[in-house]
4 protein chains.
Amino acid sequence: MTASPPDTTPAAPLAAAAIRAYFEGGAGDEVTLRANAAAWRAIGLRPRVLATPRQVDTQVTLLGRRWPTPWLAAPMAHLALAHPDAERGLALACAAQGAGLVLSTQASTALESVARAVLPEPQRGPLWFQLYPYGEREDWLRLVQRAHRAGYEAVVLTVDAPVQWAGERERASGFALPADWPQPNLPARPETGTLEALLARAPDWDDVAWLRSHSPLPLLLKGITHPADADRAADLCDGLVVSNHGGRVLDGLPPTAALLPAVVEAVQGRCPVLVDGGLRRATDVLKALALGANAVLVGRPLVAALAQGGAPGVAALWRRWHDELRGAMALCGAATIDALTPALLCHGAFHPLECL
Amino acid sequence: MTASPPDTTPAAPLAAAAIRAYFEGGAGDEVTLRANAAAWRAIGLRPRVLATPRQVDTQVTLLGRRWPTPWLAAPMAHLALAHPDAERGLALACAAQGAGLVLSTQASTALESVARAVLPEPQRGPLWFQLYPYGEREDWLRLVQRAHRAGYEAVVLTVDAPVQWAGERERASGFALPADWPQPNLPARPETGTLEALLARAPDWDDVAWLRSHSPLPLLLKGITHPADADRAADLCDGLVVSNHGGRVLDGLPPTAALLPAVVEAVQGRCPVLVDGGLRRATDVLKALALGANAVLVGRPLVAALAQGGAPGVAALWRRWHDELRGAMALCGAATIDALTPALLCHGAFHPLECL
Amino acid sequence: MTASPPDTTPAAPLAAAAIRAYFEGGAGDEVTLRANAAAWRAIGLRPRVLATPRQVDTQVTLLGRRWPTPWLAAPMAHLALAHPDAERGLALACAAQGAGLVLSTQASTALESVARAVLPEPQRGPLWFQLYPYGEREDWLRLVQRAHRAGYEAVVLTVDAPVQWAGERERASGFALPADWPQPNLPARPETGTLEALLARAPDWDDVAWLRSHSPLPLLLKGITHPADADRAADLCDGLVVSNHGGRVLDGLPPTAALLPAVVEAVQGRCPVLVDGGLRRATDVLKALALGANAVLVGRPLVAALAQGGAPGVAALWRRWHDELRGAMALCGAATIDALTPALLCHGAFHPLECL
Amino acid sequence: MTASPPDTTPAAPLAAAAIRAYFEGGAGDEVTLRANAAAWRAIGLRPRVLATPRQVDTQVTLLGRRWPTPWLAAPMAHLALAHPDAERGLALACAAQGAGLVLSTQASTALESVARAVLPEPQRGPLWFQLYPYGEREDWLRLVQRAHRAGYEAVVLTVDAPVQWAGERERASGFALPADWPQPNLPARPETGTLEALLARAPDWDDVAWLRSHSPLPLLLKGITHPADADRAADLCDGLVVSNHGGRVLDGLPPTAALLPAVVEAVQGRCPVLVDGGLRRATDVLKALALGANAVLVGRPLVAALAQGGAPGVAALWRRWHDELRGAMALCGAATIDALTPALLCHGAFHPLECL
């Protein structure tokens, strides 16, 4: 990984190890980070044999539209730290492979630039924008309107990170964002200084309702872990993402594979339920879909692929995942994503050790 | 291990590490591969004392005939990659030690050649042929008829692998079958190219019924994991093998030790139930038999023995296993295989860690 | 770590490795030591979103007085072995950061000297004195009166260590307290020699009642693990500390995270319940408070911080913990310590492996 | 460890590594071996505080006589391989420290020589003789009579090892007993050659009854794991030892800590119940006694101590264990062994990982 942002030269270039620590690390003791991946692995499969479908279709419907794959790139900050291809490279690779994209508020590339690169692609997946609620309500809305004008199709409001602090690995590495690092999509300067300043601006359900009523775009909430919050979100919004922020904010949150079923049960189909966290290969995605997710967001594997191979690396990863997903669906007798149901799964099949 | 096939010289010889990766690796994250072995180890034994039998008899009856041991070599592809003795060496060693053999469709030796080496051996075990359903029904049947003419006594149809893809370990190693590698038993060229081509040819229950009605040989299904499939197979076929393909096809399938009891319960004695996957020593076999299996297939330990010591290595392994099985039966108070019952076993005796 | 006590020069200076072994080791196989830390990590968090408090207040009330933080430095012996700043450095750093202090009977600094350094600090936490019941009842009382005169606000009687012996790690390291090592707070020479001499002096409930009735200071019992003892202590004393002595006395005692709920249930609010053992970061403390503890004692992390950075190192640790606690409370929707309740927690969220 | 037997010089001296493999290894995959030790560690302690006894007494009554400690050296073969002090050194050290001794049939020293060294010791523990049932009933009885004449006070008949084979570690090491290795206590040449020869001589319950009725000494059975066998043994014999042969014979037997309670329940106090396997420190013994064992046998720790330090090493180990046992009893409020009861224990206190 090299730290060459597209439009600026930092005074002191970041060490590759610090960048890795930033991207690969998690909060606290990284218990949630480890558990996220282990929990998908721990779910067993119980397919039938001699029931292979003649064709396999990986399409899903989200927000009223049909997309080629059930996955989107999760919002990830500062991708120019990982590779010069940065967000545009990620977006192009996703679009070429039928994967969606949720662009981060903290992207190092302007949202318009990313959209221009992707929207013409006929096979692309959804193009959504992730919103960090910095500043005032009106700041958020202005940014949403800007994303709308640029062609984004939905807004994903992150609700699980009103406060953040660096993880141990990141702190030990000495990671710090270079001065003047480009963040062209911030709705406002992020609050800094005292915790109280951050808390004073933290959004609540009223803010969400206000934004939903003023937004020209569908609104999803990202960071739901509790079924009671899911129930409320399903009444108020257009979708939700079960997420513990990839284990990057509050260590101790359970793995999303364990949280998903209760959320699906609470939502009762009122809106799409997405999930992220710990998905490391296509069979993990298959399990998430079988548990009731309508689609998934994928983060860390894409950063690793981008850092190592730029946009072509990301495209190759999606191609491999697509092959694996179709193969696994065939082996599970599922011609379509809808045919993936909890009956396919079994729990307690493995000892935890075998899943680490 | 050296890559010298019996009748050809590959352009670029395969590295020993790649061959090991091919033989030792598994699908995905190898969770199923690890779990297979750990699950047998995790089963405890509760024998009685002062009840030692005067003699110990390891014979079993399969398909109406009595055999010296309860084990057969599992079908394994491309054994010439492991050692020049290849399939003939394996077959001879098995026959000399009273073990059976299930020759793979993907053997690097013609099935007739293997049969000629083995059939005269008076102490040998069963000689069966494993069938991959490549091509059309008629192709399968022609191959079964060919096996029948050569003296094979049953056909084992693999039903759990209509689709396969290389595991991570194998892919990382750069393994690829040398050009013109001998596969003299293929019923037809394996489908390659698009997934759809593979799916179009995947067998279903009608195909199985058709083959059963036309085959001159008894038909067993290999790759059963679900009790409902076992129930159907027991009505339609002459036997079945509980198998997750040694963890080589779909990672996430539970360990076969966990699957076996429900299959035995579903079959209710209508046909023999065999099992493979993770059996690493004779006491694992003893546990499988006590859980209700009529016999077992053994794979990876034999490849390792063949690679290291050729046919004599395989013979030595079987001798050791036979000694250990007889000794363990004696310690368990079992004069015969039938005396091995679930009452001998206890579950939950060990922490998972002690079994890895 | 260097072994330069404040007022004496040991004949043979202790090796740094032996000092580490003394401070970092535990009793027996260190099962309790490891379990203490793992058990806090294993507790999951289930906060709600969009409910961030506007302010976060970490104050707690203990023995009728309000303090800035919910934590005190646990009593630790011989801190001059860790760093020349020793107990005065620890005390100053705690006082500056609003943390309390429980000074050990085995401190290498006179209790009056420590009190003089701390009491003027306006933001300080509680100043308590830990009592080892060496000698006769009257010896104990004299020491309590001395602590009272010096300004200490409570006495913490250790009841779980009438007998101690060196752990394996400590023994292997060759650790031995230097000759003439200063222990200016001993109520009497500690009994040595035969076990019987120790047992003859071991306190019982009558001793506790006697001390409670004569002491000018509130009395807490430290080392309660059994709910029946907690019930009795709650009637007799002013508070108790759930503790297994940090895994340093009797290996095999369960982790305090597992013991705390039954003690809280038994006490029913009659007196404050504190807990120590295995708390390695502020989110561990948050979990302890949510389980019903009124405050916590922290030991090993402070020794490590003192050894590495002296008083400033301890101050930096408390500052980091305070930031993390406030941030985590905000993420958990808790404006005050009282708002931390068991509803915030979930058990069984993680595999044990992820918590080691 | 050096392989100098007392009275002979082997042609090719055994490598130290092979001797270690022999003494330290176990059967099969050593699952039982590992589980034995882990299971004691996994048991938690729940003592009360402020209830310290004034004195601690470690005496136990076995077969009608009072002994200073609850432990005996387990029967161990070929100790001259470990250290020239061999069985006499072990016996002296045990006697000096109040520990008992069960001399092995396979000792490298004549039983009379061992007895002469030990019997005069006033503080010694029990002196028992372990019997392997080689040869005919009459051979056994002659050996028992010989042991009786030499002063042994009981016979411990091993019933769990009619068949044995070398473990993997031992086999890999190339261990083989030197030619003409002294085994002066064999009742007859051990059967070798075919398994059938071994089985033909294996004892049954009738043999036990016969030996019991003819033996001048009390008879205990060693190797009981099943409560039904324990029930029968309690009617027929003078005691039993719950043992899986230290994990050296049949891998897969559950750890003895897990087996003991059901045996104690089945025996209902009709005879003493001893236990061995995995006891690695005095608190493990305390747990065994609290579970209902009347005494324990200790093996591997003694071999290690003998190999490293000869008789003085063994004596030092027992001294350490005695100190630890007395200290732990005091901390558990137990003045006598009888005061150790299941109420002191708690199960499930630890994650398995913490106990390995």
# chains A, B, ... in the order shown; residues from 1 in each chain; ligands from 1
call {"tool": "residues_around", "arguments": {"residues": "D:Thr58", "least_positions_apart": "3", "cutoff": "10 Å", "atoms": "only C-alpha atoms", "output": "number ranges by chain"}}
result
D: 67-71, 322, 325-326, 329, 334-338
call {"tool": "residues_around", "arguments": {"residues": "stretch 317-320 of chain B", "least_positions_apart": "5", "cutoff": "8 Å", "atoms": "only C-alpha atoms", "output": "mmCIF file with N, CA and C atoms, in the first residue's frame"}}
result
data_model
loop_
_atom_site.group_PDB
_atom_site.id
_atom_site.type_symbol
_atom_site.label_atom_id
_atom_site.label_comp_id
_atom_site.auth_asym_id
_atom_site.auth_seq_id
_atom_site.Cartn_x
_atom_site.Cartn_y
_atom_site.Cartn_z
ATOM 1 N N CYS B 94 -3.933 -53.074 -1.085
ATOM 2 C CA CYS B 94 -5.236 -53.291 -0.447
ATOM 3 C C CYS B 94 -5.598 -54.769 -0.496
ATOM 4 N N GLN B 97 -3.852 -56.963 1.901
ATOM 5 C CA GLN B 97 -4.186 -56.751 3.309
ATOM 6 C C GLN B 97 -5.681 -56.880 3.583
ATOM 7 N N ALA B 99 -8.166 -55.333 2.274
ATOM 8 C CA ALA B 99 -8.964 -54.114 2.152
ATOM 9 C C ALA B 99 -9.587 -54.047 0.770
ATOM 10 N N LEU B 302 -4.231 -42.968 2.819
ATOM 11 C CA LEU B 302 -3.655 -43.858 1.819
ATOM 12 C C LEU B 302 -2.817 -43.090 0.807
ATOM 13 N N ALA B 305 0.432 -42.452 2.454
ATOM 14 C CA ALA B 305 1.242 -43.671 2.544
ATOM 15 C C ALA B 305 1.786 -44.053 1.178
#
call {"tool": "closest_residue", "arguments": {"among": "A:Arg201, A:Arg281, A:Arg270, A:Arg88", "to": "chain C", "atoms": "only C-alpha atoms"}}
result
A:Arg201
call {"tool": "select_by_dssp", "arguments": {"residues": "stretch 33-89 of chain C", "states": "strand (DSSP E)", "output": "PyMOL selection string"}}
result
chain C and resi 44-45+60-62+65-67+71-73
call {"tool": "select_by_dssp", "arguments": {"residues": "stretch 175-340 of chain C", "states": "alpha helix (DSSP H)", "output": "ChimeraX atom specification"}}
result
/C:195-201,205-214,227-236,256-267,282-290,300-331
call {"tool": "atom_distance", "arguments": {"atom1": "atom CA of A:Ala311", "atom2": "atom CA of A:Pro84"}}
result
9.5 Å
call {"tool": "interface_residues", "arguments": {"of": "chain C", "to": "chain D", "cutoff": "7 Å", "atoms": "only C-alpha atoms", "output": "count of residues only"}}
result
20
call {"tool": "atom_distance", "arguments": {"atom1": "atom CA of B:Ala38", "atom2": "atom CA of B:Gly313"}}
result
24.5 Å
call {"tool": "atom_distance", "arguments": {"atom1": "atom CA of D:Tyr22", "atom2": "atom CA of D:Gly309"}}
result
18.5 Å
call {"tool": "residues_around", "arguments": {"residues": "C:Gln106", "least_positions_apart": "6", "cutoff": "8 Å", "atoms": "only C-alpha atoms", "output": "ChimeraX atom specification"}}
result
/C:76-78,183-186
call {"tool": "decode", "arguments": {"residues": "stretch 55-71 of chain B", "atoms": "all heavy atoms", "output": "short mmCIF file (atom, residue, chain, number, x, y, z; two decimals), in the first residue's frame"}}
result
data_model
loop_
_atom_site.label_atom_id
_atom_site.label_comp_id
_atom_site.auth_asym_id
_atom_site.auth_seq_id
_atom_site.Cartn_x
_atom_site.Cartn_y
_atom_site.Cartn_z
N GLN B 55 -11.41 -64.23 20.74
CA GLN B 55 -10.96 -63.98 19.37
C GLN B 55 -11.61 -62.70 18.87
O GLN B 55 -12.64 -62.29 19.37
CB GLN B 55 -11.39 -65.14 18.46
CG GLN B 55 -10.63 -66.42 18.73
CD GLN B 55 -10.85 -67.43 17.64
OE1 GLN B 55 -11.97 -67.60 17.15
NE2 GLN B 55 -9.78 -68.11 17.24
N VAL B 56 -10.99 -62.14 17.87
CA VAL B 56 -11.53 -60.92 17.29
C VAL B 56 -11.63 -61.11 15.78
O VAL B 56 -10.66 -61.51 15.14
CB VAL B 56 -10.63 -59.71 17.61
CG1 VAL B 56 -10.97 -58.53 16.74
CG2 VAL B 56 -10.75 -59.35 19.08
N ASP B 57 -12.78 -60.82 15.27
CA ASP B 57 -13.05 -61.06 13.85
C ASP B 57 -13.47 -59.75 13.20
O ASP B 57 -14.48 -59.17 13.57
CB ASP B 57 -14.17 -62.11 13.74
CG ASP B 57 -14.53 -62.42 12.30
OD1 ASP B 57 -14.05 -61.72 11.38
OD2 ASP B 57 -15.32 -63.36 12.10
N THR B 58 -12.70 -59.28 12.22
CA THR B 58 -12.99 -57.98 11.60
C THR B 58 -13.80 -58.11 10.32
O THR B 58 -13.94 -57.13 9.58
CB THR B 58 -11.67 -57.25 11.27
OG1 THR B 58 -10.95 -58.01 10.30
CG2 THR B 58 -10.81 -57.05 12.50
N GLN B 59 -14.35 -59.29 10.05
CA GLN B 59 -15.08 -59.46 8.79
C GLN B 59 -16.40 -58.68 8.78
O GLN B 59 -17.04 -58.51 9.81
CB GLN B 59 -15.39 -60.94 8.56
CG GLN B 59 -14.18 -61.78 8.26
CD GLN B 59 -14.57 -63.21 8.00
OE1 GLN B 59 -14.97 -63.59 6.90
NE2 GLN B 59 -14.47 -64.03 9.03
N VAL B 60 -16.77 -58.27 7.58
CA VAL B 60 -18.09 -57.65 7.38
C VAL B 60 -18.72 -58.25 6.14
O VAL B 60 -18.03 -58.77 5.26
CB VAL B 60 -18.00 -56.12 7.19
CG1 VAL B 60 -17.52 -55.44 8.47
CG2 VAL B 60 -17.12 -55.75 6.02
N THR B 61 -20.04 -58.14 6.08
CA THR B 61 -20.77 -58.56 4.89
C THR B 61 -21.25 -57.32 4.15
O THR B 61 -21.84 -56.41 4.75
CB THR B 61 -22.00 -59.42 5.29
OG1 THR B 61 -21.53 -60.56 6.00
CG2 THR B 61 -22.78 -59.84 4.06
N LEU B 62 -20.95 -57.30 2.86
CA LEU B 62 -21.39 -56.17 2.03
C LEU B 62 -21.94 -56.73 0.72
O LEU B 62 -21.26 -57.54 0.07
CB LEU B 62 -20.22 -55.24 1.70
CG LEU B 62 -19.74 -54.29 2.77
CD1 LEU B 62 -18.53 -53.51 2.28
CD2 LEU B 62 -20.85 -53.33 3.18
N LEU B 63 -23.13 -56.34 0.36
CA LEU B 63 -23.74 -56.80 -0.89
C LEU B 63 -23.72 -58.32 -0.99
O LEU B 63 -23.39 -58.88 -2.04
CB LEU B 63 -23.05 -56.15 -2.09
CG LEU B 63 -23.01 -54.61 -2.10
CD1 LEU B 63 -22.30 -54.10 -3.34
CD2 LEU B 63 -24.40 -54.02 -1.98
N GLY B 64 -24.02 -58.96 0.12
CA GLY B 64 -24.19 -60.41 0.10
C GLY B 64 -22.93 -61.23 0.18
O GLY B 64 -22.97 -62.46 0.07
N ARG B 65 -21.80 -60.59 0.39
CA ARG B 65 -20.55 -61.36 0.43
C ARG B 65 -19.74 -60.96 1.64
O ARG B 65 -19.81 -59.83 2.10
CB ARG B 65 -19.79 -61.07 -0.87
CG ARG B 65 -18.64 -62.00 -1.09
CD ARG B 65 -18.17 -61.99 -2.53
NE ARG B 65 -16.76 -62.36 -2.58
CZ ARG B 65 -15.99 -62.28 -3.64
NH1 ARG B 65 -16.50 -61.81 -4.77
NH2 ARG B 65 -14.72 -62.64 -3.59
N ARG B 66 -18.98 -61.89 2.15
CA ARG B 66 -18.19 -61.70 3.37
C ARG B 66 -16.79 -61.22 2.98
O ARG B 66 -16.16 -61.80 2.10
CB ARG B 66 -18.11 -63.04 4.10
CG ARG B 66 -17.76 -62.93 5.57
CD ARG B 66 -18.97 -62.79 6.43
NE ARG B 66 -18.59 -62.69 7.84
CZ ARG B 66 -19.18 -61.90 8.72
NH1 ARG B 66 -20.19 -61.12 8.34
NH2 ARG B 66 -18.78 -61.86 9.97
N TRP B 67 -16.30 -60.19 3.68
CA TRP B 67 -14.99 -59.63 3.36
C TRP B 67 -14.14 -59.56 4.63
O TRP B 67 -14.68 -59.48 5.73
CB TRP B 67 -15.13 -58.21 2.78
CG TRP B 67 -16.03 -58.14 1.60
CD1 TRP B 67 -17.32 -57.72 1.56
CD2 TRP B 67 -15.71 -58.52 0.25
NE1 TRP B 67 -17.84 -57.80 0.30
CE2 TRP B 67 -16.86 -58.29 -0.54
CE3 TRP B 67 -14.56 -59.05 -0.37
CZ2 TRP B 67 -16.89 -58.57 -1.91
CZ3 TRP B 67 -14.59 -59.30 -1.74
CH2 TRP B 67 -15.74 -59.06 -2.49
N PRO B 68 -12.82 -59.58 4.46
CA PRO B 68 -11.96 -59.69 5.66
C PRO B 68 -11.93 -58.45 6.55
O PRO B 68 -11.69 -58.57 7.75
CB PRO B 68 -10.55 -59.94 5.08
CG PRO B 68 -10.69 -60.11 3.61
CD PRO B 68 -12.05 -59.70 3.20
N THR B 69 -12.15 -57.27 5.97
CA THR B 69 -12.03 -56.04 6.77
C THR B 69 -13.19 -55.11 6.45
O THR B 69 -13.85 -55.26 5.42
CB THR B 69 -10.73 -55.27 6.45
OG1 THR B 69 -10.83 -54.72 5.14
CG2 THR B 69 -9.51 -56.16 6.55
N PRO B 70 -13.41 -54.14 7.32
CA PRO B 70 -14.53 -53.21 7.09
C PRO B 70 -14.11 -51.98 6.29
O PRO B 70 -14.78 -50.96 6.40
CB PRO B 70 -14.93 -52.84 8.52
CG PRO B 70 -13.64 -52.86 9.27
CD PRO B 70 -12.78 -53.94 8.63
N TRP B 71 -13.02 -52.02 5.57
CA TRP B 71 -12.60 -50.79 4.89
C TRP B 71 -12.22 -51.01 3.44
O TRP B 71 -11.77 -52.07 3.03
CB TRP B 71 -11.46 -50.11 5.63
CG TRP B 71 -10.37 -50.97 6.16
CD1 TRP B 71 -9.62 -51.88 5.47
CD2 TRP B 71 -9.91 -51.01 7.53
NE1 TRP B 71 -8.71 -52.46 6.31
CE2 TRP B 71 -8.86 -51.95 7.57
CE3 TRP B 71 -10.27 -50.34 8.69
CZ2 TRP B 71 -8.17 -52.23 8.75
CZ3 TRP B 71 -9.58 -50.62 9.86
CH2 TRP B 71 -8.56 -51.55 9.89
#
